[in-house]
Amino acid sequence: NKNRPFTFDESCDKLIIAVIDESQKGLFIFPKDVLAKKNIIANKDKKGKMAMRIYPSWEYNLNQTAFKTQKWQLNYFIDLTGNVDKVLLKNLLN
């Protein structure tokens, strides 16, 4: 048993990550194509990553690298704390 990144072929179509941070809640819904483009899952050209950090919309005071990561991740984030963006949720689930 050797740890390794998921490959594109064995990955589901979407990776859904639930975040609960005290009173704040949200979902990241990442399509596997995006995870491959960001070199998170392995494909024939890239080895992928063993882990990833996620940054919900309520996280701030981030370093420059974390801020850049948060910027692209927020396109795939649904904040469940208040009014849910149902259009975005539907688009991410389709």
# chains A, B, ... in the order shown; residues from 1 in each chain; ligands from 1
$ residues_around --residues "Ala51 (chain A)" --least-positions-apart "3" --cutoff "12 Å" --atoms "only C-alpha atoms" --output "list in words"
Asn3, Arg4, Pro5, Phe6, Leu35, Asn39, Ile40, Ile41, Ala42, Gly48 and Ile54 of chain A
$ select_by_dssp --residues "region 10-89 of chain A" --states "alpha helix (DSSP H)" --output "MDAnalysis selection string"
chainID A and resid 32:37 64:73 86:89
$ write_last_selection --atoms "N, CA and C atoms" --output "PDB file, in the first residue's frame"
ATOM      1  N   LYS A  32     -13.702  17.441 -12.083  1.00  0.00           N
ATOM      2  CA  LYS A  32     -12.396  16.794 -12.178  1.00  0.00           C
ATOM      3  C   LYS A  32     -11.531  17.423 -13.263  1.00  0.00           C
ATOM      4  N   ASP A  33     -12.131  18.005 -14.294  1.00  0.00           N
ATOM      5  CA  ASP A  33     -11.340  18.702 -15.313  1.00  0.00           C
ATOM      6  C   ASP A  33     -10.559  19.870 -14.710  1.00  0.00           C
ATOM      7  N   VAL A  34     -11.184  20.589 -13.788  1.00  0.00           N
ATOM      8  CA  VAL A  34     -10.512  21.708 -13.117  1.00  0.00           C
ATOM      9  C   VAL A  34      -9.388  21.186 -12.232  1.00  0.00           C
ATOM     10  N   LEU A  35      -9.646  20.113 -11.503  1.00  0.00           N
ATOM     11  CA  LEU A  35      -8.608  19.537 -10.641  1.00  0.00           C
ATOM     12  C   LEU A  35      -7.419  19.049 -11.466  1.00  0.00           C
ATOM     13  N   ALA A  36      -7.672  18.543 -12.647  1.00  0.00           N
ATOM     14  CA  ALA A  36      -6.578  18.122 -13.529  1.00  0.00           C
ATOM     15  C   ALA A  36      -5.815  19.339 -14.047  1.00  0.00           C
ATOM     16  N   LYS A  37      -6.541  20.378 -14.436  1.00  0.00           N
ATOM     17  CA  LYS A  37      -5.903  21.601 -14.941  1.00  0.00           C
ATOM     18  C   LYS A  37      -5.020  22.240 -13.871  1.00  0.00           C
ATOM     19  N   GLN A  64       0.036  35.515  -0.132  1.00  0.00           N
ATOM     20  CA  GLN A  64      -0.210  35.704  -1.559  1.00  0.00           C
ATOM     21  C   GLN A  64      -0.553  34.399  -2.276  1.00  0.00           C
ATOM     22  N   THR A  65       0.130  33.328  -1.936  1.00  0.00           N
ATOM     23  CA  THR A  65      -0.139  32.036  -2.568  1.00  0.00           C
ATOM     24  C   THR A  65      -1.536  31.537  -2.212  1.00  0.00           C
ATOM     25  N   ALA A  66      -1.899  31.640  -0.945  1.00  0.00           N
ATOM     26  CA  ALA A  66      -3.229  31.206  -0.505  1.00  0.00           C
ATOM     27  C   ALA A  66      -4.315  32.065  -1.150  1.00  0.00           C
ATOM     28  N   PHE A  67      -4.061  33.362  -1.278  1.00  0.00           N
ATOM     29  CA  PHE A  67      -5.032  34.255  -1.909  1.00  0.00           C
ATOM     30  C   PHE A  67      -5.261  33.867  -3.369  1.00  0.00           C
ATOM     31  N   LYS A  68      -4.197  33.545  -4.092  1.00  0.00           N
ATOM     32  CA  LYS A  68      -4.329  33.113  -5.488  1.00  0.00           C
ATOM     33  C   LYS A  68      -5.121  31.816  -5.583  1.00  0.00           C
ATOM     34  N   THR A  69      -4.880  30.911  -4.647  1.00  0.00           N
ATOM     35  CA  THR A  69      -5.626  29.651  -4.624  1.00  0.00           C
ATOM     36  C   THR A  69      -7.098  29.913  -4.332  1.00  0.00           C
ATOM     37  N   GLN A  70      -7.364  30.743  -3.325  1.00  0.00           N
ATOM     38  CA  GLN A  70      -8.749  31.065  -2.973  1.00  0.00           C
ATOM     39  C   GLN A  70      -9.484  31.694  -4.160  1.00  0.00           C
ATOM     40  N   LYS A  71      -8.793  32.528  -4.891  1.00  0.00           N
ATOM     41  CA  LYS A  71      -9.421  33.240  -6.004  1.00  0.00           C
ATOM     42  C   LYS A  71     -10.024  32.274  -7.026  1.00  0.00           C
ATOM     43  N   TRP A  72      -9.295  31.230  -7.414  1.00  0.00           N
ATOM     44  CA  TRP A  72      -9.874  30.288  -8.382  1.00  0.00           C
ATOM     45  C   TRP A  72     -10.866  29.342  -7.707  1.00  0.00           C
ATOM     46  N   GLN A  73     -10.617  28.995  -6.428  1.00  0.00           N
ATOM     47  CA  GLN A  73     -11.509  28.065  -5.735  1.00  0.00           C
ATOM     48  C   GLN A  73     -12.907  28.643  -5.525  1.00  0.00           C
ATOM     49  N   LYS A  86     -28.614  29.687  -5.792  1.00  0.00           N
ATOM     50  CA  LYS A  86     -29.175  28.468  -6.379  1.00  0.00           C
ATOM     51  C   LYS A  86     -28.761  28.274  -7.833  1.00  0.00           C
ATOM     52  N   VAL A  87     -28.558  29.357  -8.545  1.00  0.00           N
ATOM     53  CA  VAL A  87     -28.120  29.246  -9.943  1.00  0.00           C
ATOM     54  C   VAL A  87     -26.718  28.655  -9.995  1.00  0.00           C
ATOM     55  N   LEU A  88     -25.818  29.175  -9.176  1.00  0.00           N
ATOM     56  CA  LEU A  88     -24.457  28.645  -9.134  1.00  0.00           C
ATOM     57  C   LEU A  88     -24.460  27.190  -8.679  1.00  0.00           C
ATOM     58  N   LEU A  89     -25.242  26.888  -7.660  1.00  0.00           N
ATOM     59  CA  LEU A  89     -25.325  25.510  -7.170  1.00  0.00           C
ATOM     60  C   LEU A  89     -25.784  24.565  -8.284  1.00  0.00           C
TER      61      LEU A  89
END
$ select_by_dssp --residues "chain A" --states "strand (DSSP E)" --output "number ranges by chain"
A: 14-21, 24-31, 77-79
$ closest_residue --among "A:Leu74, A:Leu92, A:Ile29, A:Cys12" --to "Trp58 (chain A)" --atoms "only C-alpha atoms"
A:Leu74
$ closest_residue --among "A:Asn94, A:Leu62, A:Ser57, A:Asn83" --to "Val19 (chain A)" --atoms "only C-alpha atoms"
A:Ser57
$ atom_distance --atom1 "CA of Asn75 (chain A)" --atom2 "CA of Asp13 (chain A)"
16.7 Å
$ closest_residue --among "A:Asn1, A:Phe28, A:Ser11, A:Leu93" --to "Arg53 (chain A)" --atoms "only C-alpha atoms"
A:Phe28
$ atom_distance --atom1 "CA of Phe30 (chain A)" --atom2 "CA of Val84 (chain A)"
17.3 Å
$ closest_residue --among "A:Thr81, A:Thr7, A:Asn63, A:Asn43" --to "Gly26 (chain A)" --atoms "only C-alpha atoms"
A:Thr81
$ atom_distance --atom1 "CA of Ile16 (chain A)" --atom2 "CA of Tyr60 (chain A)"
22.0 Å
$ closest_residue --among "A:Tyr76, A:Gly82, A:Lys47, A:Glu59" --to "Lys14 (chain A)" --atoms "only C-alpha atoms"
A:Tyr76
$ closest_residue --among "A:Asp79, A:Asp85, A:Asp9, A:Asp45" --to "Gln24 (chain A)" --atoms "only C-alpha atoms"
A:Asp79
